[in-house]
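Here the structure comes first, spelled out in structure tokens, and everything after it is commentary.
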Amino acid sequence: MKQNYTIRHGALEGVEMFLAVAGRRNFRRAAADLGVTPSAVSQAVRALEARLGAALFVRTTRSVGLTEAGQRFLERAGPAFEEIVAAGEVAGDIGRRPTGLLRLSVPRAVVPLILEPMIDSFCQAYPEIELEIAASDEMVDLAAGGFDAGIRLGQFIAPDMVAVRLTPSFPFVVVGSPGYFERHGRPERVEDLRRHACLRLRRSNGAIAPWSFIDGNGAIEAMVSGPLIAHDYPTLVGAAMQGVGLAQIPRPVAESPLRAGKLEPVLEGISATTPGVFLYHPGKRQILPKLRAFIDHVKAGA
């Protein structure tokens, strides 16, 4: 949740020195604790008093005491300053070791393909990391959504992102259900797809993805048509299993229904390949340990 804070310039200046003097009841000892000169502490406290419009200490040649305003300021500022110090320690801890909340934006097709096999082992290996997976087939704004990273197929990653390969490349496969092939036959060549119901994918940029193949002369793209356009691969797989039409999908996404005999491949050996699955992040700063731990864990099991 976003919060708006009204920050006054210099509002915290002198607070640490005030707290040191209040704790020691001595300017010289407070200066020694802070590693500064007594005059620096005295000037900072006077500037704080001027900014607040109230004296905080009663000073004599032999002692230093708190005024009523100083006591009340101490009661509120002391715990608040401790929280600020604690917050810095927490933030620094996240920067030093794998801990904290790791939020990932992941397409639905990648969850069973990459994440499900390793979630348990990752959580056991890094018990101080909270893993949050937001399944979405949209290209979200990582910063605006509060995500540490996203995971996508390589060709869908924006060029201004830092991409880290998680899997090797793998082929696309054209699949259909046994029932569909009984009714409509099997395509033997790319040209045969014109007579078939072909299920298509609309990419996050709005374009409908062409079906890609490789022949002796290089890559070719087939502009196919059919009764269904989906925004994600799992929907295409489900429709293909129902006999709605043929679908061209990454082989790992179709592996389970292929093994179960719910889908059958055609045009094998000529489908194009996809670059594989990549993790992407803005990369403007050093990767936090929690994200580095996730990348290394996934790559080790790939």
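Order determines the names: the first chain of the structure tokens is A, the second B, and so forth; residues in each chain are numbered 1 upward, and ligands are numbered 1 upward as they are shown.
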
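Using only C-alpha atoms, the contacts of region 207-210 of chain A at a cut-off of 9 Å, with sequence neighbours closer than 5 positions omitted, comprise Arg200, Leu201, Arg202, Glu221, Ala222, Met223, Val224 and Ile229 of chain A.
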
So that I have them on file, write out the residues from the current selection with N, CA, C and O atoms, as a PDB file, in the first residue's frame.
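As written to disk, result25.pdb reads:
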```
ATOM      1  N   ARG A 200      -5.514 -19.536 -31.461  1.00  0.00           N
ATOM      2  CA  ARG A 200      -4.433 -18.554 -31.500  1.00  0.00           C
ATOM      3  C   ARG A 200      -4.232 -17.854 -30.162  1.00  0.00           C
ATOM      4  O   ARG A 200      -5.140 -17.794 -29.332  1.00  0.00           O
ATOM      5  N   LEU A 201      -3.040 -17.290 -30.011  1.00  0.00           N
ATOM      6  CA  LEU A 201      -2.656 -16.586 -28.791  1.00  0.00           C
ATOM      7  C   LEU A 201      -2.534 -15.094 -29.066  1.00  0.00           C
ATOM      8  O   LEU A 201      -1.865 -14.682 -30.019  1.00  0.00           O
ATOM      9  N   ARG A 202      -3.184 -14.287 -28.220  1.00  0.00           N
ATOM     10  CA  ARG A 202      -2.988 -12.838 -28.311  1.00  0.00           C
ATOM     11  C   ARG A 202      -1.952 -12.443 -27.265  1.00  0.00           C
ATOM     12  O   ARG A 202      -2.112 -12.690 -26.076  1.00  0.00           O
ATOM     13  N   GLU A 221       6.396 -18.079 -41.137  1.00  0.00           N
ATOM     14  CA  GLU A 221       5.287 -17.797 -40.237  1.00  0.00           C
ATOM     15  C   GLU A 221       3.985 -18.062 -40.967  1.00  0.00           C
ATOM     16  O   GLU A 221       3.775 -17.554 -42.080  1.00  0.00           O
ATOM     17  N   ALA A 222       3.138 -18.854 -40.341  1.00  0.00           N
ATOM     18  CA  ALA A 222       1.850 -19.197 -40.944  1.00  0.00           C
ATOM     19  C   ALA A 222       0.755 -18.382 -40.277  1.00  0.00           C
ATOM     20  O   ALA A 222       0.603 -18.421 -39.053  1.00  0.00           O
ATOM     21  N   MET A 223       0.020 -17.637 -41.069  1.00  0.00           N
ATOM     22  CA  MET A 223      -1.120 -16.880 -40.559  1.00  0.00           C
ATOM     23  C   MET A 223      -2.337 -17.798 -40.580  1.00  0.00           C
ATOM     24  O   MET A 223      -2.896 -18.076 -41.651  1.00  0.00           O
ATOM     25  N   VAL A 224      -2.694 -18.309 -39.430  1.00  0.00           N
ATOM     26  CA  VAL A 224      -3.772 -19.284 -39.326  1.00  0.00           C
ATOM     27  C   VAL A 224      -5.036 -18.606 -38.813  1.00  0.00           C
ATOM     28  O   VAL A 224      -5.030 -17.458 -38.384  1.00  0.00           O
ATOM     29  N   ILE A 229      -9.461 -17.237 -29.749  1.00  0.00           N
ATOM     30  CA  ILE A 229      -8.247 -16.482 -29.441  1.00  0.00           C
ATOM     31  C   ILE A 229      -8.147 -16.405 -27.923  1.00  0.00           C
ATOM     32  O   ILE A 229      -9.083 -15.971 -27.262  1.00  0.00           O
TER      33      ILE A 229
END
```

As a PyMOL selection string, list the residues of region 108-300 of chain A assigned to helix (DSSP H, G or I) by DSSP on the backbone atoms of this structure. chain A and resi 110-115+119-125+142-145+154-156+178-184+190-195+233-241+251-259+289-300

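Residues with any atom within 8 Å of Val45 (chain A), counting only C-alpha atoms and excluding same-chain neighbours fewer than 6 positions away, are Gly14, Val15, Met17 and Phe18 of chain A.
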
Between A:Ala22, A:Leu279, A:Ala143, A:Leu66, which is the closest to Leu166 (chain A) once you count only C-alpha atoms? A:Leu279

Any chance you could list, as a PyMOL selection string, the residues in region 35-218 of chain A that come up strand (DSSP E) when DSSP is run on the backbone? chain A and resi 57-59+64-66+100-106+129-135+149-153+162-165+170-176+198-201+211-215+218

Env of region 116-118 of chain A: 12 Å cut, atoms = only C-alpha atoms, seq-sep filter 5 positions within chain, self excluded. Answer as a PyMOL selection string. chain A and resi 106+108-111+123-126+131+133+294-302

Generate the output file for the selected residues, N, CA, C and O atoms, as an mmCIF file, in the first residue's frame.
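So the final result, stored in part17.cif, reads:
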```cif
data_model
loop_
_atom_site.group_PDB
_atom_site.id
_atom_site.type_symbol
_atom_site.label_atom_id
_atom_site.label_comp_id
_atom_site.auth_asym_id
_atom_site.auth_seq_id
_atom_site.Cartn_x
_atom_site.Cartn_y
_atom_site.Cartn_z
ATOM 1 N N VAL A 106 4.222 -13.802 -12.636
ATOM 2 C CA VAL A 106 4.503 -15.008 -13.416
ATOM 3 C C VAL A 106 3.285 -15.374 -14.260
ATOM 4 O O VAL A 106 2.160 -15.345 -13.770
ATOM 5 N N ARG A 108 0.559 -17.805 -16.031
ATOM 6 C CA ARG A 108 -0.035 -19.033 -15.495
ATOM 7 C C ARG A 108 0.649 -20.277 -16.037
ATOM 8 O O ARG A 108 0.809 -21.273 -15.326
ATOM 9 N N ALA A 109 1.065 -20.251 -17.289
ATOM 10 C CA ALA A 109 1.678 -21.434 -17.893
ATOM 11 C C ALA A 109 3.006 -21.788 -17.245
ATOM 12 O O ALA A 109 3.419 -22.949 -17.236
ATOM 13 N N VAL A 110 3.696 -20.790 -16.695
ATOM 14 C CA VAL A 110 5.019 -21.021 -16.127
ATOM 15 C C VAL A 110 4.936 -21.595 -14.712
ATOM 16 O O VAL A 110 5.863 -22.239 -14.243
ATOM 17 N N VAL A 111 3.804 -21.374 -14.027
ATOM 18 C CA VAL A 111 3.685 -21.848 -12.640
ATOM 19 C C VAL A 111 3.894 -23.358 -12.545
ATOM 20 O O VAL A 111 4.761 -23.824 -11.795
ATOM 21 N N CYS A 123 11.471 -23.058 -0.401
ATOM 22 C CA CYS A 123 10.997 -22.582 0.904
ATOM 23 C C CYS A 123 11.747 -23.268 2.045
ATOM 24 O O CYS A 123 11.991 -22.659 3.090
ATOM 25 N N GLN A 124 12.115 -24.514 1.856
ATOM 26 C CA GLN A 124 12.882 -25.199 2.883
ATOM 27 C C GLN A 124 14.322 -24.703 2.937
ATOM 28 O O GLN A 124 14.910 -24.579 4.009
ATOM 29 N N ALA A 125 14.881 -24.396 1.771
ATOM 30 C CA ALA A 125 16.262 -23.920 1.725
ATOM 31 C C ALA A 125 16.399 -22.496 2.257
ATOM 32 O O ALA A 125 17.438 -22.131 2.809
ATOM 33 N N TYR A 126 15.348 -21.685 2.089
ATOM 34 C CA TYR A 126 15.398 -20.276 2.506
ATOM 35 C C TYR A 126 14.170 -19.944 3.346
ATOM 36 O O TYR A 126 13.242 -19.264 2.891
ATOM 37 N N LEU A 131 7.782 -16.147 -0.238
ATOM 38 C CA LEU A 131 7.634 -16.142 -1.695
ATOM 39 C C LEU A 131 6.182 -15.868 -2.060
ATOM 40 O O LEU A 131 5.284 -16.612 -1.669
ATOM 41 N N ILE A 133 3.688 -15.330 -5.329
ATOM 42 C CA ILE A 133 3.589 -15.524 -6.776
ATOM 43 C C ILE A 133 2.271 -14.942 -7.260
ATOM 44 O O ILE A 133 1.196 -15.377 -6.834
ATOM 45 N N PHE A 294 16.833 -17.036 -5.318
ATOM 46 C CA PHE A 294 15.785 -17.650 -6.140
ATOM 47 C C PHE A 294 16.321 -18.036 -7.514
ATOM 48 O O PHE A 294 16.082 -19.146 -8.000
ATOM 49 N N ILE A 295 17.062 -17.120 -8.137
ATOM 50 C CA ILE A 295 17.618 -17.399 -9.467
ATOM 51 C C ILE A 295 18.531 -18.619 -9.423
ATOM 52 O O ILE A 295 18.435 -19.523 -10.250
ATOM 53 N N ASP A 296 19.425 -18.636 -8.452
ATOM 54 C CA ASP A 296 20.366 -19.754 -8.353
ATOM 55 C C ASP A 296 19.645 -21.067 -8.089
ATOM 56 O O ASP A 296 20.027 -22.121 -8.627
ATOM 57 N N HIS A 297 18.589 -21.040 -7.281
ATOM 58 C CA HIS A 297 17.857 -22.257 -6.946
ATOM 59 C C HIS A 297 17.136 -22.823 -8.174
ATOM 60 O O HIS A 297 17.167 -24.027 -8.415
ATOM 61 N N VAL A 298 16.501 -21.930 -8.938
ATOM 62 C CA VAL A 298 15.779 -22.383 -10.132
ATOM 63 C C VAL A 298 16.762 -22.934 -11.171
ATOM 64 O O VAL A 298 16.548 -23.997 -11.768
ATOM 65 N N LYS A 299 17.866 -22.226 -11.391
ATOM 66 C CA LYS A 299 18.840 -22.667 -12.392
ATOM 67 C C LYS A 299 19.494 -23.991 -12.003
ATOM 68 O O LYS A 299 19.821 -24.808 -12.851
ATOM 69 N N ALA A 300 19.666 -24.209 -10.701
ATOM 70 C CA ALA A 300 20.277 -25.462 -10.240
ATOM 71 C C ALA A 300 19.368 -26.645 -10.507
ATOM 72 O O ALA A 300 19.839 -27.766 -10.746
ATOM 73 N N GLY A 301 18.047 -26.392 -10.510
ATOM 74 C CA GLY A 301 17.110 -27.493 -10.729
ATOM 75 C C GLY A 301 16.639 -27.604 -12.155
ATOM 76 O O GLY A 301 15.888 -28.524 -12.493
ATOM 77 N N ALA A 302 17.066 -26.678 -13.019
ATOM 78 C CA ALA A 302 16.606 -26.687 -14.411
ATOM 79 C C ALA A 302 17.265 -27.824 -15.201
ATOM 80 O O ALA A 302 18.390 -28.223 -14.928
#
```

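Shortest separation to Val164 (chain A) among A:Pro38, A:Pro275, A:Pro289, A:Gly185 occurs at residue A:Pro275, atoms counted being only C-alpha atoms.
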